[in-house]
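Source file upload09.cif; content: mmCIF, C-alpha atoms; chains and numbers go by the auth columns.
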```cif
data_structure
loop_
_atom_site.group_PDB
_atom_site.id
_atom_site.type_symbol
_atom_site.label_atom_id
_atom_site.label_comp_id
_atom_site.label_asym_id
_atom_site.label_seq_id
_atom_site.Cartn_x
_atom_site.Cartn_y
_atom_site.Cartn_z
_atom_site.B_iso_or_equiv
_atom_site.auth_seq_id
_atom_site.auth_asym_id
ATOM 1 C CA MET A 1 20.927 -25.169 18.367 0.00 510 E
ATOM 2 C CA ALA A 2 23.196 -24.999 21.409 0.00 511 E
ATOM 3 C CA SER A 3 26.819 -24.016 20.827 0.00 512 E
ATOM 4 C CA ASN A 4 28.194 -24.314 24.392 0.00 513 E
ATOM 5 C CA ALA A 5 28.829 -20.573 24.326 0.00 514 E
ATOM 6 C CA LEU A 6 28.720 -20.457 28.135 0.00 515 E
ATOM 7 C CA HIS A 7 30.333 -23.803 28.886 0.00 516 E
ATOM 8 C CA GLY A 8 31.730 -23.912 32.421 0.00 517 E
ATOM 9 C CA LYS A 9 30.518 -20.406 33.277 0.00 518 E
ATOM 10 C CA THR A 10 28.363 -19.244 36.160 0.00 519 E
ATOM 11 C CA ALA A 11 25.486 -16.897 35.364 0.00 520 E
ATOM 12 C CA LEU A 12 22.931 -15.012 37.437 0.00 521 E
ATOM 13 C CA VAL A 13 19.453 -14.255 36.099 0.00 522 E
ATOM 14 C CA THR A 14 17.232 -12.123 38.313 0.00 523 E
ATOM 15 C CA GLY A 15 13.501 -12.413 37.792 0.00 524 E
ATOM 16 C CA GLY A 16 14.172 -15.733 36.111 0.00 525 E
ATOM 17 C CA THR A 17 11.019 -17.687 36.889 0.00 526 E
ATOM 18 C CA SER A 18 8.784 -16.506 34.051 0.00 527 E
ATOM 19 C CA GLY A 19 8.694 -14.643 30.763 0.00 528 E
ATOM 20 C CA ILE A 20 11.955 -13.356 29.316 0.00 529 E
ATOM 21 C CA GLY A 21 13.932 -14.326 32.422 0.00 530 E
ATOM 22 C CA LEU A 22 12.860 -17.968 32.277 0.00 531 E
ATOM 23 C CA ALA A 23 13.603 -18.120 28.545 0.00 532 E
ATOM 24 C CA VAL A 24 17.102 -16.786 29.282 0.00 533 E
ATOM 25 C CA VAL A 25 17.623 -19.387 32.020 0.00 534 E
ATOM 26 C CA ARG A 26 16.687 -22.150 29.571 0.00 535 E
ATOM 27 C CA ARG A 27 19.043 -20.791 26.934 0.00 536 E
ATOM 28 C CA PHE A 28 21.939 -20.313 29.361 0.00 537 E
ATOM 29 C CA VAL A 29 21.543 -23.856 30.697 0.00 538 E
ATOM 30 C CA ASP A 30 21.455 -25.207 27.135 0.00 539 E
ATOM 31 C CA GLU A 31 24.688 -23.317 26.471 0.00 540 E
ATOM 32 C CA GLY A 32 26.483 -25.006 29.363 0.00 541 E
ATOM 33 C CA ALA A 33 26.211 -22.482 32.199 0.00 542 E
ATOM 34 C CA HIS A 34 25.290 -23.088 35.804 0.00 543 E
ATOM 35 C CA VAL A 35 22.560 -20.519 36.414 0.00 544 E
ATOM 36 C CA VAL A 36 21.633 -18.863 39.682 0.00 545 E
ATOM 37 C CA VAL A 37 17.969 -17.892 39.388 0.00 546 E
ATOM 38 C CA THR A 38 16.083 -15.446 41.575 0.00 547 E
ATOM 39 C CA GLY A 39 12.411 -14.764 42.008 0.00 548 E
ATOM 40 C CA ARG A 40 9.977 -13.696 44.696 0.00 549 E
ATOM 41 C CA ARG A 41 7.621 -16.695 44.552 0.00 550 E
ATOM 42 C CA GLN A 42 8.894 -19.934 46.066 0.00 551 E
ATOM 43 C CA ALA A 43 6.516 -22.081 44.028 0.00 552 E
ATOM 44 C CA ALA A 44 7.909 -20.646 40.795 0.00 553 E
ATOM 45 C CA LEU A 45 11.473 -21.191 41.998 0.00 554 E
ATOM 46 C CA ASP A 46 10.616 -24.788 42.859 0.00 555 E
ATOM 47 C CA ALA A 47 9.311 -25.265 39.315 0.00 556 E
ATOM 48 C CA VAL A 48 12.617 -24.005 37.911 0.00 557 E
ATOM 49 C CA THR A 49 14.552 -26.395 40.139 0.00 558 E
ATOM 50 C CA ASN A 50 12.315 -29.284 39.063 0.00 559 E
ATOM 51 C CA GLU A 51 12.955 -28.456 35.400 0.00 560 E
ATOM 52 C CA PHE A 52 16.730 -28.017 35.545 0.00 561 E
ATOM 53 C CA GLY A 53 17.878 -29.916 38.632 0.00 562 E
ATOM 54 C CA ASP A 54 21.454 -29.277 39.720 0.00 563 E
ATOM 55 C CA ARG A 55 22.146 -27.096 36.680 0.00 564 E
ATOM 56 C CA VAL A 56 20.530 -24.207 38.558 0.00 565 E
ATOM 57 C CA THR A 57 20.615 -22.696 42.018 0.00 566 E
ATOM 58 C CA ALA A 58 17.289 -21.097 42.909 0.00 567 E
ATOM 59 C CA VAL A 59 17.304 -18.275 45.456 0.00 568 E
ATOM 60 C CA ARG A 60 14.244 -16.476 46.721 0.00 569 E
ATOM 61 C CA ALA A 61 15.074 -12.775 46.573 0.00 570 E
ATOM 62 C CA ASP A 62 13.434 -9.418 45.957 0.00 571 E
ATOM 63 C CA ALA A 63 15.787 -7.342 43.790 0.00 572 E
ATOM 64 C CA SER A 64 14.738 -4.146 45.578 0.00 573 E
ATOM 65 C CA SER A 65 15.671 -5.481 49.023 0.00 574 E
ATOM 66 C CA PRO A 66 19.290 -4.780 50.059 0.00 575 E
ATOM 67 C CA ASP A 67 19.144 -7.626 52.583 0.00 576 E
ATOM 68 C CA ASP A 68 17.867 -10.093 49.972 0.00 577 E
ATOM 69 C CA VAL A 69 20.540 -9.054 47.481 0.00 578 E
ATOM 70 C CA THR A 70 23.268 -9.406 50.116 0.00 579 E
ATOM 71 C CA ALA A 71 22.014 -12.892 50.981 0.00 580 E
ATOM 72 C CA LEU A 72 21.901 -13.798 47.286 0.00 581 E
ATOM 73 C CA TYR A 73 25.534 -12.929 46.745 0.00 582 E
ATOM 74 C CA GLU A 74 26.511 -14.823 49.879 0.00 583 E
ATOM 75 C CA VAL A 75 24.999 -17.937 48.274 0.00 584 E
ATOM 76 C CA ILE A 76 26.914 -17.306 45.053 0.00 585 E
ATOM 77 C CA ALA A 77 30.163 -16.643 46.902 0.00 586 E
ATOM 78 C CA ALA A 78 29.759 -19.887 48.835 0.00 587 E
ATOM 79 C CA ARG A 79 29.738 -21.848 45.566 0.00 588 E
ATOM 80 C CA GLY A 80 33.300 -20.683 45.019 0.00 589 E
ATOM 81 C CA ALA A 81 32.975 -20.285 41.266 0.00 590 E
ATOM 82 C CA GLY A 82 32.526 -16.512 41.046 0.00 591 E
ATOM 83 C CA LEU A 83 30.359 -14.965 38.354 0.00 592 E
ATOM 84 C CA ASP A 84 30.896 -14.686 34.614 0.00 593 E
ATOM 85 C CA VAL A 85 27.506 -13.383 33.478 0.00 594 E
ATOM 86 C CA VAL A 86 24.796 -11.297 35.133 0.00 595 E
ATOM 87 C CA HIS A 87 21.403 -10.720 33.557 0.00 596 E
ATOM 88 C CA ALA A 88 19.661 -8.006 35.591 0.00 597 E
ATOM 89 C CA ASN A 89 16.162 -8.761 34.429 0.00 598 E
ATOM 90 C CA ALA A 90 13.851 -8.390 37.442 0.00 599 E
ATOM 91 C CA GLY A 91 11.313 -5.689 36.740 0.00 600 E
ATOM 92 C CA VAL A 92 7.718 -4.599 37.215 0.00 601 E
ATOM 93 C CA GLY A 93 5.350 -2.242 35.480 0.00 602 E
ATOM 94 C CA GLU A 94 2.146 -0.478 36.384 0.00 603 E
ATOM 95 C CA LEU A 95 -0.188 0.661 33.624 0.00 604 E
ATOM 96 C CA GLY A 96 -1.703 4.042 34.381 0.00 605 E
ATOM 97 C CA SER A 97 -2.177 7.447 32.797 0.00 606 E
ATOM 98 C CA LEU A 98 -1.028 10.674 34.423 0.00 607 E
ATOM 99 C CA THR A 99 -4.422 11.114 36.087 0.00 608 E
ATOM 100 C CA GLU A 100 -4.494 7.520 37.359 0.00 609 E
ATOM 101 C CA VAL A 101 -0.956 6.776 38.548 0.00 610 E
ATOM 102 C CA THR A 102 -0.377 6.810 42.292 0.00 611 E
ATOM 103 C CA ALA A 103 2.607 7.428 44.539 0.00 612 E
ATOM 104 C CA VAL A 104 2.617 3.712 45.339 0.00 613 E
ATOM 105 C CA ASP A 105 2.832 2.867 41.619 0.00 614 E
ATOM 106 C CA VAL A 106 5.817 5.166 41.140 0.00 615 E
ATOM 107 C CA GLU A 107 7.615 3.905 44.234 0.00 616 E
ATOM 108 C CA LYS A 108 7.046 0.233 43.385 0.00 617 E
ATOM 109 C CA THR A 109 8.196 0.607 39.779 0.00 618 E
ATOM 110 C CA PHE A 110 11.321 2.626 40.525 0.00 619 E
ATOM 111 C CA SER A 111 12.194 0.510 43.553 0.00 620 E
ATOM 112 C CA THR A 112 12.341 -2.680 41.514 0.00 621 E
ATOM 113 C CA ASN A 113 13.488 -1.397 38.135 0.00 622 E
ATOM 114 C CA VAL A 114 16.001 1.273 39.164 0.00 623 E
ATOM 115 C CA LEU A 115 17.067 0.438 42.717 0.00 624 E
ATOM 116 C CA GLY A 116 16.878 -3.307 42.051 0.00 625 E
ATOM 117 C CA THR A 117 19.080 -3.077 38.978 0.00 626 E
ATOM 118 C CA THR A 118 21.565 -0.920 40.857 0.00 627 E
ATOM 119 C CA LEU A 119 21.774 -3.317 43.799 0.00 628 E
ATOM 120 C CA THR A 120 22.133 -6.308 41.481 0.00 629 E
ATOM 121 C CA VAL A 121 25.001 -4.852 39.459 0.00 630 E
ATOM 122 C CA GLN A 122 26.708 -3.270 42.443 0.00 631 E
ATOM 123 C CA GLY A 123 26.533 -6.448 44.515 0.00 632 E
ATOM 124 C CA ALA A 124 27.980 -8.556 41.704 0.00 633 E
ATOM 125 C CA LEU A 125 31.175 -6.521 41.356 0.00 634 E
ATOM 126 C CA PRO A 126 33.329 -8.362 43.924 0.00 635 E
ATOM 127 C CA LEU A 127 32.430 -11.723 42.346 0.00 636 E
ATOM 128 C CA LEU A 128 32.704 -10.823 38.661 0.00 637 E
ATOM 129 C CA SER A 129 35.656 -12.180 36.762 0.00 638 E
ATOM 130 C CA ASP A 130 37.643 -9.760 34.626 0.00 639 E
ATOM 131 C CA GLY A 131 36.065 -9.818 31.190 0.00 640 E
ATOM 132 C CA ALA A 132 32.637 -10.696 32.577 0.00 641 E
ATOM 133 C CA SER A 133 29.421 -9.618 30.855 0.00 642 E
ATOM 134 C CA ILE A 134 26.408 -7.867 32.363 0.00 643 E
ATOM 135 C CA VAL A 135 23.148 -7.628 30.446 0.00 644 E
ATOM 136 C CA VAL A 136 20.352 -5.344 31.629 0.00 645 E
ATOM 137 C CA THR A 137 16.773 -5.667 30.420 0.00 646 E
ATOM 138 C CA GLY A 138 15.517 -2.350 29.075 0.00 647 E
ATOM 139 C CA SER A 139 12.381 -1.522 27.121 0.00 648 E
ATOM 140 C CA THR A 140 11.295 0.379 24.045 0.00 649 E
ATOM 141 C CA SER A 141 8.979 2.217 26.452 0.00 650 E
ATOM 142 C CA ALA A 142 12.050 4.180 27.607 0.00 651 E
ATOM 143 C CA SER A 143 11.763 6.272 24.458 0.00 652 E
ATOM 144 C CA GLY A 144 8.146 5.592 23.569 0.00 653 E
ATOM 145 C CA THR A 145 4.936 7.527 23.967 0.00 654 E
ATOM 146 C CA GLU A 146 2.469 4.718 24.690 0.00 655 E
ATOM 147 C CA ARG A 147 -0.351 5.991 26.865 0.00 656 E
ATOM 148 C CA GLY A 148 -0.254 4.575 30.358 0.00 657 E
ATOM 149 C CA PHE A 149 3.416 3.532 30.190 0.00 658 E
ATOM 150 C CA GLY A 150 4.894 6.807 31.444 0.00 659 E
ATOM 151 C CA VAL A 151 6.177 5.633 34.831 0.00 660 E
ATOM 152 C CA TYR A 152 7.425 2.294 33.515 0.00 661 E
ATOM 153 C CA GLY A 153 9.130 4.005 30.574 0.00 662 E
ATOM 154 C CA ALA A 154 10.742 6.567 32.870 0.00 663 E
ATOM 155 C CA SER A 155 12.183 3.813 35.061 0.00 664 E
ATOM 156 C CA LYS A 156 13.666 2.061 32.035 0.00 665 E
ATOM 157 C CA ALA A 157 15.075 5.339 30.717 0.00 666 E
ATOM 158 C CA ALA A 158 16.822 5.782 34.060 0.00 667 E
ATOM 159 C CA VAL A 159 18.295 2.292 33.795 0.00 668 E
ATOM 160 C CA ALA A 160 19.547 3.026 30.276 0.00 669 E
ATOM 161 C CA ALA A 161 21.303 6.165 31.479 0.00 670 E
ATOM 162 C CA MET A 162 22.926 4.334 34.380 0.00 671 E
ATOM 163 C CA THR A 163 24.081 1.493 32.160 0.00 672 E
ATOM 164 C CA ARG A 164 25.938 3.845 29.820 0.00 673 E
ATOM 165 C CA THR A 165 27.779 5.382 32.773 0.00 674 E
ATOM 166 C CA TRP A 166 28.545 2.006 34.311 0.00 675 E
ATOM 167 C CA ALA A 167 30.035 0.830 31.016 0.00 676 E
ATOM 168 C CA ALA A 168 32.701 3.533 31.288 0.00 677 E
ATOM 169 C CA GLU A 169 33.315 2.808 34.958 0.00 678 E
ATOM 170 C CA LEU A 170 33.704 -0.949 34.447 0.00 679 E
ATOM 171 C CA ALA A 171 35.813 -0.809 31.289 0.00 680 E
ATOM 172 C CA PRO A 172 39.170 -0.810 33.149 0.00 681 E
ATOM 173 C CA ARG A 173 38.311 -4.296 34.440 0.00 682 E
ATOM 174 C CA GLY A 174 37.288 -5.470 31.004 0.00 683 E
ATOM 175 C CA ILE A 175 33.717 -5.951 32.219 0.00 684 E
ATOM 176 C CA ARG A 176 31.114 -5.260 29.562 0.00 685 E
ATOM 177 C CA ILE A 177 27.589 -4.067 30.284 0.00 686 E
ATOM 178 C CA ASN A 178 24.932 -3.760 27.619 0.00 687 E
ATOM 179 C CA THR A 179 21.174 -3.369 27.504 0.00 688 E
ATOM 180 C CA VAL A 180 18.803 -5.612 25.587 0.00 689 E
ATOM 181 C CA VAL A 181 15.764 -3.573 24.568 0.00 690 E
ATOM 182 C CA PRO A 182 12.724 -5.750 23.923 0.00 691 E
ATOM 183 C CA GLY A 183 9.643 -4.520 22.210 0.00 692 E
ATOM 184 C CA PRO A 184 6.206 -5.828 23.240 0.00 693 E
ATOM 185 C CA THR A 185 6.785 -9.430 24.291 0.00 694 E
ATOM 186 C CA GLU A 186 4.142 -12.020 25.124 0.00 695 E
ATOM 187 C CA THR A 187 4.843 -12.608 28.804 0.00 696 E
ATOM 188 C CA PRO A 188 2.771 -13.005 31.976 0.00 697 E
ATOM 189 C CA GLY A 189 3.997 -9.564 32.990 0.00 698 E
ATOM 190 C CA LEU A 190 2.569 -7.872 29.921 0.00 699 E
ATOM 191 C CA LYS A 191 -0.736 -9.696 30.230 0.00 700 E
ATOM 192 C CA GLY A 192 -0.838 -8.743 33.895 0.00 701 E
ATOM 193 C CA LEU A 193 -1.097 -5.085 32.922 0.00 702 E
ATOM 194 C CA ALA A 194 -4.722 -5.754 31.971 0.00 703 E
ATOM 195 C CA PRO A 195 -5.715 -8.888 33.895 0.00 704 E
ATOM 196 C CA ASP A 196 -9.398 -8.432 33.173 0.00 705 E
ATOM 197 C CA ASP A 197 -8.917 -8.245 29.397 0.00 706 E
ATOM 198 C CA SER A 198 -5.411 -9.473 28.578 0.00 707 E
ATOM 199 C CA ASP A 199 -6.426 -11.011 25.241 0.00 708 E
ATOM 200 C CA ALA A 200 -7.725 -7.671 24.019 0.00 709 E
ATOM 201 C CA LEU A 201 -4.521 -5.951 25.144 0.00 710 E
ATOM 202 C CA VAL A 202 -2.345 -8.469 23.291 0.00 711 E
ATOM 203 C CA GLU A 203 -4.482 -8.183 20.154 0.00 712 E
ATOM 204 C CA GLN A 204 -4.382 -4.386 20.261 0.00 713 E
ATOM 205 C CA ILE A 205 -0.597 -4.238 20.610 0.00 714 E
ATOM 206 C CA ALA A 206 0.039 -6.996 18.073 0.00 715 E
ATOM 207 C CA SER A 207 -2.101 -5.304 15.437 0.00 716 E
ATOM 208 C CA SER A 208 0.144 -2.236 15.565 0.00 717 E
ATOM 209 C CA LEU A 209 3.371 -4.168 14.900 0.00 718 E
ATOM 210 C CA PRO A 210 4.860 -4.915 11.462 0.00 719 E
ATOM 211 C CA PHE A 211 4.811 -8.701 12.028 0.00 720 E
ATOM 212 C CA GLY A 212 1.288 -8.590 13.410 0.00 721 E
ATOM 213 C CA ARG A 213 2.370 -10.433 16.544 0.00 722 E
ATOM 214 C CA LEU A 214 4.173 -9.895 19.828 0.00 723 E
ATOM 215 C CA LEU A 215 7.732 -11.051 20.286 0.00 724 E
ATOM 216 C CA ARG A 216 8.399 -14.429 21.843 0.00 725 E
ATOM 217 C CA SER A 217 10.523 -14.592 24.976 0.00 726 E
ATOM 218 C CA GLU A 218 12.893 -16.982 23.194 0.00 727 E
ATOM 219 C CA GLU A 219 13.661 -14.318 20.599 0.00 728 E
ATOM 220 C CA VAL A 220 14.756 -11.909 23.304 0.00 729 E
ATOM 221 C CA ALA A 221 16.729 -14.658 25.056 0.00 730 E
ATOM 222 C CA ALA A 222 18.756 -15.236 21.888 0.00 731 E
ATOM 223 C CA ALA A 223 19.850 -11.598 21.971 0.00 732 E
ATOM 224 C CA VAL A 224 20.704 -11.828 25.676 0.00 733 E
ATOM 225 C CA LEU A 225 22.896 -14.842 24.938 0.00 734 E
ATOM 226 C CA PHE A 226 24.715 -12.874 22.250 0.00 735 E
ATOM 227 C CA LEU A 227 25.425 -10.025 24.678 0.00 736 E
ATOM 228 C CA ALA A 228 26.461 -12.472 27.403 0.00 737 E
ATOM 229 C CA SER A 229 28.875 -14.407 25.205 0.00 738 E
ATOM 230 C CA SER A 230 32.229 -13.583 23.668 0.00 739 E
ATOM 231 C CA GLU A 231 30.472 -13.057 20.329 0.00 740 E
ATOM 232 C CA SER A 232 29.726 -9.491 21.498 0.00 741 E
ATOM 233 C CA SER A 233 33.229 -8.833 22.860 0.00 742 E
ATOM 234 C CA GLY A 234 33.422 -5.485 21.057 0.00 743 E
ATOM 235 C CA MET A 235 30.254 -4.105 22.658 0.00 744 E
ATOM 236 C CA THR A 236 29.748 -2.204 25.882 0.00 745 E
ATOM 237 C CA GLY A 237 27.355 0.587 26.783 0.00 746 E
ATOM 238 C CA SER A 238 25.222 -0.460 23.823 0.00 747 E
ATOM 239 C CA GLU A 239 21.486 -0.910 23.475 0.00 748 E
ATOM 240 C CA LEU A 240 20.447 -3.881 21.333 0.00 749 E
ATOM 241 C CA LEU A 241 16.930 -3.500 19.971 0.00 750 E
ATOM 242 C CA VAL A 242 14.846 -6.665 19.727 0.00 751 E
ATOM 243 C CA ASP A 243 11.572 -4.953 19.044 0.00 752 E
ATOM 244 C CA GLY A 244 9.828 -6.754 16.191 0.00 753 E
ATOM 245 C CA GLY A 245 9.991 -3.534 14.214 0.00 754 E
ATOM 246 C CA SER A 246 7.957 -1.588 16.756 0.00 755 E
ATOM 247 C CA THR A 247 10.194 1.460 16.358 0.00 756 E
ATOM 248 C CA ILE A 248 9.330 1.685 12.646 0.00 757 E
ATOM 249 C CA ALA A 249 5.623 0.952 13.044 0.00 758 E
#
```
Could you rewrite the structure in this file as structure tokens?
Amino acid sequence: MASNALHGKTALVTGGTSGIGLAVVRRFVDEGAHVVVTGRRQAALDAVTNEFGDRVTAVRADASSPDDVTALYEVIAARGAGLDVVHANAGVGELGSLTEVTAVDVEKTFSTNVLGTTLTVQGALPLLSDGASIVVTGSTSASGTERGFGVYGASKAAVAAMTRTWAAELAPRGIRINTVVPGPTETPGLKGLAPDDSDALVEQIASSLPFGRLLRSEEVAAAVLFLASSESSGMTGSELLVDGGSTIA
């Protein structure tokens, strides 16, 4: 049930056209925010605009591109409403063991997950209102040992380390930054790790979890809303686990 927790606020969700990002966009809109949504595929952005109309502003942008990020914040600045919430969610992952992973895999993953998050947060600073909230999407893979997730997990561990430091740096402005840490979530991104046998991958992961299922994107979005709203006003530099019990499995 919506509570208007973000009524009258402006929010940015990067990577907001599918999976967790899209679920967050839906929740933020329901809670009264105008949401700026980014993605790399124009067709997906058009679908978001068709669903939400003038409650969103869709901007085609690659989080790892400095030029794209600069253009994104020019669009937001032109609206004249500043920014109250940023959800730095854009991310990619490549599944590959130590013997399989390539230099391209490492560069692509770190470029989007680490550089992209840095550019997103850094670029938002001039537009953020005092007391604003930033939420970064992390992953249980940052501290996990799942085979094939080494590069992805390393990129998310880097993001977690940066977020803790940024929390201290942003505190004088009253800006909070926290990390939501999802466990295995049923998203197109996860299924894309094994496109030839995604059903088997989902079944394998789900069978190892206490609930016997993957998380739903909406469950993660509820936690993002909590971190974005004043309900979490006493939190910064924190990591909020939404993992379906995967850390106790």
Using all atoms listed in the file, which residues sit within 9 Å of Val729 (chain E) once same-chain residues fewer than 2 positions away are excluded, as a PyMOL selection string? chain E and resi 529+532-533+689-691+694+724-727+731-734+751-752
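A straight line drawn from CA of Thr618 (chain E) to CA of Leu554 (chain E) is 22.2 Å long.
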Kindly resolve the PyMOL selection byres ((chain E and resi 628) around 10) on the present coordinates and return the residues as a PyMOL selection string. chain E and resi 572-575+577-579+597+621+623-627+629-633
Which is closer to Thr608 (chain E) than all the others in E:Gly692, E:Gly653, E:Gly659, E:Arg564, using all atoms listed in the file?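 Among the listed residues, E:Gly659 lies closest to Thr608 (chain E).
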From the options E:Phe561, E:Tyr661, E:Tyr582, E:Phe537, which residue's atoms come nearest to Asp614 (chain E), counting all atoms listed in the file?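 The closest residue to Asp614 (chain E) is E:Tyr661.
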How far is it from CA of Ala641 (chain E) to CA of Asn622 (chain E), in Å with one decimal?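 These two atoms are separated by 22.0 Å.
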Excluding Ser638 (chain E) and residues on its chain fewer than 4 positions from it, collect all residues at most 12 Å away from it, counting all atoms listed in the file, and give them as a PyMOL selection string. chain E and resi 518-520+590-595+633-634+642-643+679+682-685
Selected residues written out with C-alpha atoms, as a PDB file, keeping the file's coordinate frame:
```
ATOM      1  CA  LYS E 518      30.518 -20.406  33.277  1.00  0.00           C
ATOM      2  CA  THR E 519      28.363 -19.244  36.160  1.00  0.00           C
ATOM      3  CA  ALA E 520      25.486 -16.897  35.364  1.00  0.00           C
ATOM      4  CA  ALA E 590      32.975 -20.285  41.266  1.00  0.00           C
ATOM      5  CA  GLY E 591      32.526 -16.512  41.046  1.00  0.00           C
ATOM      6  CA  LEU E 592      30.359 -14.965  38.354  1.00  0.00           C
ATOM      7  CA  ASP E 593      30.896 -14.686  34.614  1.00  0.00           C
ATOM      8  CA  VAL E 594      27.506 -13.383  33.478  1.00  0.00           C
ATOM      9  CA  VAL E 595      24.796 -11.297  35.133  1.00  0.00           C
ATOM     10  CA  ALA E 633      27.980  -8.556  41.704  1.00  0.00           C
ATOM     11  CA  LEU E 634      31.175  -6.521  41.356  1.00  0.00           C
ATOM     12  CA  SER E 642      29.421  -9.618  30.855  1.00  0.00           C
ATOM     13  CA  ILE E 643      26.408  -7.867  32.363  1.00  0.00           C
ATOM     14  CA  LEU E 679      33.704  -0.949  34.447  1.00  0.00           C
ATOM     15  CA  ARG E 682      38.311  -4.296  34.440  1.00  0.00           C
ATOM     16  CA  GLY E 683      37.288  -5.470  31.004  1.00  0.00           C
ATOM     17  CA  ILE E 684      33.717  -5.951  32.219  1.00  0.00           C
ATOM     18  CA  ARG E 685      31.114  -5.260  29.562  1.00  0.00           C
TER      19      ARG E 685
END
```
Find the spatial neighbours of Gly754 (chain E), counting only C-alpha atoms, within a cut-off of 12 Å - ignore same-chain residues fewer than 5 positions away - and output them as a ChimeraX atom specification. /E:649,690-693,715,717-724
Write the residues you've just listed into a file as a compact mmCIF listing (two decimals), keeping the file's coordinate frame, and include C-alpha atoms for each of them.
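Contents of the output file selection_1.txt:
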```txt
# COMPACT_ATOMS: atom_id res chain seq x y z
CA THR E 649 11.30 0.38 24.04
CA VAL E 690 15.76 -3.57 24.57
CA PRO E 691 12.72 -5.75 23.92
CA GLY E 692 9.64 -4.52 22.21
CA PRO E 693 6.21 -5.83 23.24
CA ALA E 715 0.04 -7.00 18.07
CA SER E 717 0.14 -2.24 15.56
CA LEU E 718 3.37 -4.17 14.90
CA PRO E 719 4.86 -4.92 11.46
CA PHE E 720 4.81 -8.70 12.03
CA GLY E 721 1.29 -8.59 13.41
CA ARG E 722 2.37 -10.43 16.54
CA LEU E 723 4.17 -9.90 19.83
CA LEU E 724 7.73 -11.05 20.29
```
Measure the distance from CA of Arg549 (chain E) to CA of Glu583 (chain E) in Å and round it to one decimal. 17.4 Å
Quick one: which region 544-659 of chain E residues come within 7 Å of region 521-527 of chain E, and what is the nearest atom pair for each with the distance in Å to one decimal, counting all atoms listed in the file, rows ordered by chain and ascending number, as a Markdown table?
```
| residue | atom | partner | partner_atom | distance |
| --- | --- | --- | --- | --- |
| E:Val544 | CA | E:Leu521 | CA | 5.6 |
| E:Val545 | CA | E:Leu521 | CA | 4.6 |
| E:Val546 | CA | E:Val522 | CA | 5.1 |
| E:Thr547 | CA | E:Thr523 | CA | 4.8 |
| E:Gly548 | CA | E:Gly524 | CA | 4.9 |
| E:Ala553 | CA | E:Thr526 | CA | 5.8 |
| E:Leu554 | CA | E:Thr526 | CA | 6.2 |
| E:Val557 | CA | E:Thr526 | CA | 6.6 |
| E:Val594 | CA | E:Leu521 | CA | 6.3 |
| E:Val595 | CA | E:Leu521 | CA | 4.8 |
| E:His596 | CA | E:Val522 | CA | 4.8 |
| E:Ala597 | CA | E:Thr523 | CA | 5.5 |
| E:Asn598 | CA | E:Thr523 | CA | 5.2 |
| E:Ala599 | CA | E:Gly524 | CA | 4.1 |
```
Determine the nearest neighbour of Asp563 (chain E) from the options E:Val538, E:Gly647, E:Ser747, E:Phe619, counting all atoms listed in the file.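 Closest candidate: E:Val538.
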Run through the PyMOL selection byres ((chain E and resi 662) around 9) on the given coordinates and return the selected residues as a PDB file with C-alpha atoms, in the coordinates of the input.
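Listing of part_0.pdb after writing:
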```
ATOM      1  CA  GLY E 602       5.350  -2.242  35.480  1.00  0.00           C
ATOM      2  CA  SER E 648      12.381  -1.522  27.121  1.00  0.00           C
ATOM      3  CA  THR E 649      11.295   0.379  24.045  1.00  0.00           C
ATOM      4  CA  SER E 650       8.979   2.217  26.452  1.00  0.00           C
ATOM      5  CA  ALA E 651      12.050   4.180  27.607  1.00  0.00           C
ATOM      6  CA  SER E 652      11.763   6.272  24.458  1.00  0.00           C
ATOM      7  CA  GLY E 653       8.146   5.592  23.569  1.00  0.00           C
ATOM      8  CA  THR E 654       4.936   7.527  23.967  1.00  0.00           C
ATOM      9  CA  GLU E 655       2.469   4.718  24.690  1.00  0.00           C
ATOM     10  CA  PHE E 658       3.416   3.532  30.190  1.00  0.00           C
ATOM     11  CA  GLY E 659       4.894   6.807  31.444  1.00  0.00           C
ATOM     12  CA  VAL E 660       6.177   5.633  34.831  1.00  0.00           C
ATOM     13  CA  TYR E 661       7.425   2.294  33.515  1.00  0.00           C
ATOM     14  CA  ALA E 663      10.742   6.567  32.870  1.00  0.00           C
ATOM     15  CA  SER E 664      12.183   3.813  35.061  1.00  0.00           C
ATOM     16  CA  LYS E 665      13.666   2.061  32.035  1.00  0.00           C
ATOM     17  CA  ALA E 666      15.075   5.339  30.717  1.00  0.00           C
ATOM     18  CA  ALA E 667      16.822   5.782  34.060  1.00  0.00           C
TER      19      ALA E 667
END
```
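Checking E:Pro681, E:Leu749, E:Gly605, E:Ala612 one by one against Ala669 (chain E), counting all atoms listed in the file, you find the shortest gap at E:Leu749.
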